[in-house]
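Source file: query13.txt (compact mmCIF, N, CA and C atoms)
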# COMPACT_ATOMS: atom_id res chain seq x y z
N MET A 1020 12.50 -58.57 6.60
CA MET A 1020 12.91 -58.31 5.25
C MET A 1020 13.08 -56.80 5.05
N ALA A 1021 14.18 -56.37 4.56
CA ALA A 1021 14.47 -54.96 4.33
C ALA A 1021 13.83 -54.49 3.03
N ILE A 1022 13.35 -53.25 3.05
CA ILE A 1022 12.74 -52.68 1.86
C ILE A 1022 13.81 -51.90 1.10
N ARG A 1023 13.91 -52.16 -0.18
CA ARG A 1023 14.89 -51.46 -1.00
C ARG A 1023 14.25 -50.24 -1.65
N ARG A 1024 14.90 -49.13 -1.59
CA ARG A 1024 14.42 -47.92 -2.23
C ARG A 1024 15.34 -47.57 -3.39
N LYS A 1025 14.77 -46.97 -4.36
CA LYS A 1025 15.59 -46.52 -5.48
C LYS A 1025 16.15 -45.14 -5.15
N LYS A 1026 17.44 -45.03 -5.15
CA LYS A 1026 18.09 -43.77 -4.85
C LYS A 1026 17.96 -42.77 -6.00
N CYS A 1027 17.76 -43.25 -7.18
CA CYS A 1027 17.68 -42.33 -8.31
C CYS A 1027 16.44 -41.45 -8.23
N LEU A 1028 15.37 -41.92 -7.60
CA LEU A 1028 14.17 -41.10 -7.45
C LEU A 1028 14.45 -39.90 -6.56
N ALA A 1029 15.10 -40.15 -5.43
CA ALA A 1029 15.42 -39.06 -4.51
C ALA A 1029 16.38 -38.07 -5.16
N SER A 1030 17.39 -38.57 -5.85
CA SER A 1030 18.34 -37.65 -6.48
C SER A 1030 17.69 -36.90 -7.63
N GLY A 1031 16.73 -37.52 -8.31
CA GLY A 1031 16.00 -36.83 -9.38
C GLY A 1031 15.17 -35.69 -8.86
N VAL A 1032 14.51 -35.92 -7.71
CA VAL A 1032 13.71 -34.87 -7.09
C VAL A 1032 14.61 -33.72 -6.65
N LEU A 1033 15.76 -34.03 -6.07
CA LEU A 1033 16.70 -32.99 -5.64
C LEU A 1033 17.22 -32.20 -6.84
N ALA A 1034 17.52 -32.91 -7.93
CA ALA A 1034 18.02 -32.21 -9.12
C ALA A 1034 16.94 -31.30 -9.70
N ALA A 1035 15.69 -31.76 -9.72
CA ALA A 1035 14.60 -30.93 -10.25
C ALA A 1035 14.39 -29.71 -9.36
N GLY A 1036 14.44 -29.90 -8.03
CA GLY A 1036 14.28 -28.77 -7.10
C GLY A 1036 15.40 -27.76 -7.26
N ALA A 1037 16.63 -28.24 -7.44
CA ALA A 1037 17.76 -27.34 -7.63
C ALA A 1037 17.62 -26.57 -8.94
N ALA A 1038 17.14 -27.24 -9.98
CA ALA A 1038 16.96 -26.56 -11.27
C ALA A 1038 15.89 -25.47 -11.16
N LEU A 1039 14.81 -25.74 -10.42
CA LEU A 1039 13.78 -24.73 -10.22
C LEU A 1039 14.32 -23.54 -9.45
N LEU A 1040 15.11 -23.81 -8.43
CA LEU A 1040 15.70 -22.74 -7.63
C LEU A 1040 16.63 -21.88 -8.46
N VAL A 1041 17.48 -22.49 -9.25
CA VAL A 1041 18.40 -21.73 -10.11
C VAL A 1041 17.61 -20.91 -11.12
N GLY A 1042 16.56 -21.49 -11.69
CA GLY A 1042 15.71 -20.77 -12.65
C GLY A 1042 15.04 -19.58 -12.00
N ALA A 1043 14.57 -19.75 -10.76
CA ALA A 1043 13.89 -18.65 -10.06
C ALA A 1043 14.87 -17.52 -9.76
N ILE A 1044 16.08 -17.86 -9.39
CA ILE A 1044 17.08 -16.83 -9.10
C ILE A 1044 17.47 -16.10 -10.38
N ALA A 1045 17.61 -16.83 -11.47
CA ALA A 1045 18.02 -16.22 -12.73
C ALA A 1045 16.97 -15.29 -13.30
N THR A 1046 15.69 -15.51 -12.98
CA THR A 1046 14.63 -14.69 -13.55
C THR A 1046 14.23 -13.52 -12.66
N GLN A 1047 14.91 -13.30 -11.55
CA GLN A 1047 14.60 -12.16 -10.69
C GLN A 1047 14.92 -10.87 -11.42
N PRO A 1048 14.03 -9.86 -11.36
CA PRO A 1048 14.30 -8.61 -12.05
C PRO A 1048 15.43 -7.83 -11.38
N ALA A 1049 16.10 -7.03 -12.15
CA ALA A 1049 17.14 -6.16 -11.59
C ALA A 1049 16.48 -5.09 -10.75
N ALA A 1050 17.20 -4.58 -9.78
CA ALA A 1050 16.66 -3.52 -8.92
C ALA A 1050 16.31 -2.30 -9.76
N ALA A 1051 15.14 -1.75 -9.51
CA ALA A 1051 14.67 -0.60 -10.27
C ALA A 1051 15.18 0.70 -9.67
N VAL A 1052 15.82 0.62 -8.51
CA VAL A 1052 16.24 1.82 -7.79
C VAL A 1052 17.76 1.82 -7.65
N ASP A 1053 18.38 2.94 -7.97
CA ASP A 1053 19.81 3.11 -7.73
C ASP A 1053 19.98 3.73 -6.35
N LEU A 1054 20.40 2.93 -5.40
CA LEU A 1054 20.56 3.40 -4.03
C LEU A 1054 21.93 4.06 -3.85
N PRO A 1055 22.00 5.08 -3.00
CA PRO A 1055 23.28 5.74 -2.76
C PRO A 1055 24.24 4.82 -2.00
N HIS A 1056 25.52 5.13 -2.10
CA HIS A 1056 26.54 4.33 -1.41
C HIS A 1056 27.26 5.15 -0.34
N ASN A 1057 26.62 6.20 0.14
CA ASN A 1057 27.21 7.01 1.20
C ASN A 1057 26.10 7.45 2.16
N SER A 1058 26.47 8.09 3.24
CA SER A 1058 25.52 8.53 4.26
C SER A 1058 24.76 9.75 3.75
N VAL A 1059 23.48 9.56 3.40
CA VAL A 1059 22.67 10.63 2.84
C VAL A 1059 21.19 10.33 3.09
N ALA A 1060 20.40 11.39 3.12
CA ALA A 1060 18.94 11.25 3.19
C ALA A 1060 18.35 12.32 2.29
N TYR A 1061 17.39 11.93 1.46
CA TYR A 1061 16.72 12.91 0.61
C TYR A 1061 15.34 12.41 0.19
N PHE A 1062 14.50 13.35 -0.20
CA PHE A 1062 13.18 13.07 -0.75
C PHE A 1062 13.25 13.28 -2.25
N SER A 1063 12.47 12.51 -3.01
CA SER A 1063 12.41 12.65 -4.46
C SER A 1063 10.97 12.90 -4.91
N THR A 1064 10.83 13.71 -5.95
CA THR A 1064 9.49 14.05 -6.43
C THR A 1064 8.81 12.88 -7.15
N GLY A 1065 9.57 11.92 -7.64
CA GLY A 1065 9.00 10.77 -8.34
C GLY A 1065 9.13 9.48 -7.56
N LYS A 1066 8.45 8.45 -8.02
CA LYS A 1066 8.58 7.12 -7.42
C LYS A 1066 9.97 6.57 -7.67
N ASP A 1067 10.39 5.62 -6.86
CA ASP A 1067 11.68 4.93 -7.01
C ASP A 1067 12.87 5.88 -7.03
N LEU A 1068 12.81 6.94 -6.24
CA LEU A 1068 13.89 7.92 -6.07
C LEU A 1068 14.24 8.65 -7.36
N THR A 1069 13.24 8.87 -8.20
CA THR A 1069 13.44 9.60 -9.45
C THR A 1069 12.94 11.03 -9.29
N GLY A 1070 13.29 11.88 -10.22
CA GLY A 1070 12.84 13.27 -10.18
C GLY A 1070 13.79 14.14 -9.36
N ARG A 1071 13.31 15.32 -9.05
CA ARG A 1071 14.13 16.27 -8.29
C ARG A 1071 14.29 15.80 -6.84
N GLN A 1072 15.44 16.09 -6.27
CA GLN A 1072 15.76 15.65 -4.92
C GLN A 1072 15.84 16.83 -3.96
N ALA A 1073 15.38 16.60 -2.74
CA ALA A 1073 15.50 17.58 -1.65
C ALA A 1073 16.28 16.91 -0.52
N LEU A 1074 17.48 17.39 -0.27
CA LEU A 1074 18.32 16.81 0.79
C LEU A 1074 17.74 17.08 2.17
N VAL A 1075 17.96 16.15 3.08
CA VAL A 1075 17.51 16.27 4.46
C VAL A 1075 18.71 16.65 5.32
N ASP A 1076 18.55 17.69 6.14
CA ASP A 1076 19.57 18.08 7.11
C ASP A 1076 19.33 17.27 8.37
N ILE A 1077 20.09 16.21 8.55
CA ILE A 1077 19.90 15.28 9.67
C ILE A 1077 20.13 15.96 11.02
N SER A 1078 20.90 17.03 11.07
CA SER A 1078 21.17 17.72 12.34
C SER A 1078 19.99 18.57 12.80
N ASN A 1079 19.04 18.88 11.92
CA ASN A 1079 17.89 19.72 12.26
C ASN A 1079 16.69 18.83 12.61
N THR A 1080 16.27 18.87 13.87
CA THR A 1080 15.15 18.02 14.32
C THR A 1080 13.82 18.76 14.34
N ASP A 1081 13.79 19.98 13.82
CA ASP A 1081 12.53 20.73 13.73
C ASP A 1081 11.71 20.20 12.56
N CYS A 1082 10.42 20.50 12.57
CA CYS A 1082 9.55 20.15 11.46
C CYS A 1082 9.99 20.92 10.21
N GLN A 1083 10.08 20.24 9.09
CA GLN A 1083 10.47 20.86 7.82
C GLN A 1083 9.39 20.59 6.78
N ASN A 1084 8.89 21.63 6.13
CA ASN A 1084 7.97 21.47 5.01
C ASN A 1084 8.80 21.31 3.74
N LEU A 1085 8.42 20.37 2.90
CA LEU A 1085 9.12 20.15 1.64
C LEU A 1085 8.71 21.24 0.64
N SER A 1086 9.63 21.68 -0.17
CA SER A 1086 9.32 22.70 -1.17
C SER A 1086 8.46 22.13 -2.30
N GLU A 1087 8.58 20.82 -2.55
CA GLU A 1087 7.75 20.11 -3.53
C GLU A 1087 7.28 18.80 -2.91
N PRO A 1088 6.07 18.36 -3.24
CA PRO A 1088 5.61 17.06 -2.72
C PRO A 1088 6.56 15.95 -3.18
N ALA A 1089 6.76 14.96 -2.32
CA ALA A 1089 7.66 13.85 -2.62
C ALA A 1089 6.88 12.54 -2.68
N LEU A 1090 7.28 11.67 -3.61
CA LEU A 1090 6.66 10.35 -3.73
C LEU A 1090 7.59 9.22 -3.29
N SER A 1091 8.85 9.56 -2.95
CA SER A 1091 9.78 8.55 -2.44
C SER A 1091 10.87 9.25 -1.63
N ALA A 1092 11.60 8.45 -0.86
CA ALA A 1092 12.70 8.99 -0.05
C ALA A 1092 13.68 7.88 0.29
N VAL A 1093 14.90 8.28 0.60
CA VAL A 1093 15.93 7.35 1.06
C VAL A 1093 16.54 7.93 2.33
N ASN A 1094 16.88 7.05 3.26
CA ASN A 1094 17.49 7.47 4.52
C ASN A 1094 18.65 6.53 4.84
N PHE A 1095 19.82 6.84 4.36
CA PHE A 1095 21.01 6.05 4.65
C PHE A 1095 21.84 6.77 5.70
N THR A 1096 21.20 7.05 6.84
CA THR A 1096 21.86 7.70 7.97
C THR A 1096 21.56 6.90 9.24
N ALA A 1097 22.08 7.34 10.38
CA ALA A 1097 21.83 6.68 11.65
C ALA A 1097 20.55 7.18 12.32
N SER A 1098 19.88 8.17 11.75
CA SER A 1098 18.66 8.74 12.33
C SER A 1098 17.42 8.18 11.64
N ASN A 1099 16.28 8.32 12.29
CA ASN A 1099 14.99 7.97 11.69
C ASN A 1099 14.31 9.27 11.25
N ILE A 1100 13.40 9.14 10.28
CA ILE A 1100 12.68 10.31 9.77
C ILE A 1100 11.18 10.01 9.81
N GLU A 1101 10.41 10.90 10.44
CA GLU A 1101 8.95 10.80 10.42
C GLU A 1101 8.46 11.61 9.23
N VAL A 1102 7.68 10.98 8.36
CA VAL A 1102 7.19 11.61 7.14
C VAL A 1102 5.69 11.87 7.30
N TYR A 1103 5.26 13.06 6.90
CA TYR A 1103 3.86 13.46 7.07
C TYR A 1103 3.25 13.80 5.71
N TYR A 1104 1.97 13.50 5.58
CA TYR A 1104 1.23 13.75 4.34
C TYR A 1104 0.49 15.09 4.39
N ASN A 1105 0.78 15.88 5.39
CA ASN A 1105 0.22 17.23 5.55
C ASN A 1105 1.37 18.18 5.86
N HIS A 1106 1.17 19.46 5.63
CA HIS A 1106 2.19 20.46 5.97
C HIS A 1106 2.29 20.60 7.50
N ASP A 1107 3.41 21.14 7.94
CA ASP A 1107 3.66 21.45 9.35
C ASP A 1107 3.63 20.21 10.25
N CYS A 1108 3.97 19.07 9.70
CA CYS A 1108 4.08 17.80 10.44
C CYS A 1108 2.78 17.42 11.15
N ARG A 1109 1.66 17.77 10.54
CA ARG A 1109 0.36 17.35 11.07
C ARG A 1109 0.10 15.91 10.68
N THR A 1110 -0.25 15.08 11.64
CA THR A 1110 -0.53 13.68 11.36
C THR A 1110 -1.85 13.53 10.62
N GLY A 1111 -2.07 12.38 10.06
CA GLY A 1111 -3.30 12.07 9.33
C GLY A 1111 -3.03 11.93 7.84
N LEU A 1112 -4.02 11.41 7.15
CA LEU A 1112 -3.93 11.31 5.71
C LEU A 1112 -4.20 12.69 5.11
N PRO A 1113 -3.94 12.89 3.82
CA PRO A 1113 -4.14 14.22 3.24
C PRO A 1113 -5.54 14.77 3.52
N ASP A 1114 -5.59 15.90 4.18
CA ASP A 1114 -6.83 16.60 4.51
C ASP A 1114 -7.80 15.77 5.36
N LYS A 1115 -7.29 14.75 6.05
CA LYS A 1115 -8.12 13.94 6.95
C LYS A 1115 -7.39 13.82 8.28
N PRO A 1116 -8.00 14.26 9.37
CA PRO A 1116 -7.33 14.17 10.67
C PRO A 1116 -7.13 12.71 11.08
N GLY A 1117 -6.14 12.50 11.89
CA GLY A 1117 -5.84 11.17 12.40
C GLY A 1117 -4.43 11.15 12.95
N ASP A 1118 -3.94 9.97 13.27
CA ASP A 1118 -2.60 9.87 13.84
C ASP A 1118 -1.60 9.25 12.86
N TRP A 1119 -1.92 9.26 11.58
CA TRP A 1119 -1.10 8.62 10.56
C TRP A 1119 0.15 9.43 10.25
N ALA A 1120 1.30 8.78 10.26
CA ALA A 1120 2.58 9.31 9.80
C ALA A 1120 3.40 8.12 9.34
N TYR A 1121 4.37 8.34 8.49
CA TYR A 1121 5.19 7.25 7.99
C TYR A 1121 6.56 7.31 8.65
N GLY A 1122 7.01 6.21 9.20
CA GLY A 1122 8.32 6.14 9.83
C GLY A 1122 9.35 5.59 8.86
N LEU A 1123 10.22 6.45 8.36
CA LEU A 1123 11.30 6.02 7.46
C LEU A 1123 12.52 5.74 8.32
N GLY A 1124 12.78 4.47 8.54
CA GLY A 1124 13.87 4.08 9.43
C GLY A 1124 15.25 4.29 8.85
N SER A 1125 16.21 4.22 9.71
CA SER A 1125 17.60 4.32 9.32
C SER A 1125 17.93 3.21 8.32
N LEU A 1126 18.70 3.55 7.29
CA LEU A 1126 19.14 2.60 6.26
C LEU A 1126 17.97 1.99 5.48
N HIS A 1127 16.96 2.81 5.18
CA HIS A 1127 15.79 2.38 4.41
C HIS A 1127 15.47 3.37 3.31
N TRP A 1128 14.67 2.91 2.35
CA TRP A 1128 14.09 3.79 1.34
C TRP A 1128 12.65 3.36 1.17
N ALA A 1129 11.82 4.26 0.59
CA ALA A 1129 10.40 3.94 0.45
C ALA A 1129 9.75 4.75 -0.67
N ASN A 1130 8.72 4.15 -1.25
CA ASN A 1130 7.77 4.86 -2.10
C ASN A 1130 6.57 5.15 -1.21
N PHE A 1131 5.97 6.33 -1.34
CA PHE A 1131 4.85 6.71 -0.50
C PHE A 1131 3.53 6.55 -1.25
N THR A 1132 2.51 6.15 -0.52
CA THR A 1132 1.17 6.01 -1.09
C THR A 1132 0.58 7.38 -1.40
N TYR A 1133 0.85 8.33 -0.53
CA TYR A 1133 0.39 9.72 -0.69
C TYR A 1133 1.61 10.62 -0.82
N ARG A 1134 1.40 11.84 -1.29
CA ARG A 1134 2.49 12.80 -1.42
C ARG A 1134 2.97 13.24 -0.05
N ALA A 1135 4.25 13.10 0.20
CA ALA A 1135 4.84 13.57 1.45
C ALA A 1135 5.01 15.09 1.36
N LEU A 1136 4.56 15.81 2.41
CA LEU A 1136 4.62 17.27 2.40
C LEU A 1136 5.52 17.85 3.48
N SER A 1137 5.81 17.07 4.53
CA SER A 1137 6.68 17.56 5.60
C SER A 1137 7.34 16.37 6.28
N TYR A 1138 8.36 16.67 7.10
CA TYR A 1138 9.09 15.61 7.81
C TYR A 1138 9.76 16.17 9.05
N LYS A 1139 10.19 15.23 9.90
CA LYS A 1139 10.92 15.58 11.12
C LYS A 1139 11.95 14.48 11.37
N VAL A 1140 13.20 14.88 11.63
CA VAL A 1140 14.27 13.93 11.96
C VAL A 1140 14.12 13.55 13.43
N VAL A 1141 14.18 12.26 13.69
CA VAL A 1141 14.05 11.73 15.05
C VAL A 1141 15.33 11.00 15.41
N ARG A 1142 15.87 11.33 16.57
CA ARG A 1142 17.12 10.67 16.99
C ARG A 1142 16.87 9.63 18.02
Please render this file's structure as structure tokens.
Amino acid sequence: MAIRRKKCLASGVLAAGAALLVGAIATQPAAAVDLPHNSVAYFSTGKDLTGRQALVDISNTDCQNLSEPALSAVNFTASNIEVYYNHDCRTGLPDKPGDWAYGLGSLHWANFTYRALSYKVVR
């Protein structure tokens, strides 16, 4: 004897799942960051790329100290950037020795937990 199933139950579950998915997509917040649309890298004094900006010279691979501490950065170039929380590209957390540095990869942006004070372009 064959068991009969009600198809309306399955279609009801699918419809409810689709409605939840559409609702979740519709309630997503807008991006809080305006990302650049060209090849550029810079540090910003505020979170979410706000505040004053300091451009990065991608051709210079020497250690660079920032003129002002940065709380965010964007890297829309083909190079990677090592970000340091101490001057002169010293690794570690602020005023604490260690091997800590932040790797800002190509085509990425980030908010930093600590103030970024120096950086080095890595090819």
### Query
So which residues touch Lys1139 in chain A within 6.5 Å, counting all atoms listed in the file, skipping near sequence neighbours fewer than 5 positions away, as a PyMOL selection string?
chain A and resi 1080-1083+1099-1103
### Query
Could you name the residues that touch Ala1073 in chain A at 6.5 Å or less, counting all atoms listed in the file, but leaving out those on the same chain fewer than 5 positions away, as a PyMOL selection string?
chain A and resi 1060-1064
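Across the model, the gap from atom C of Ala1135 in chain A to atom C of Ala1089 in chain A is 5.1 Å.
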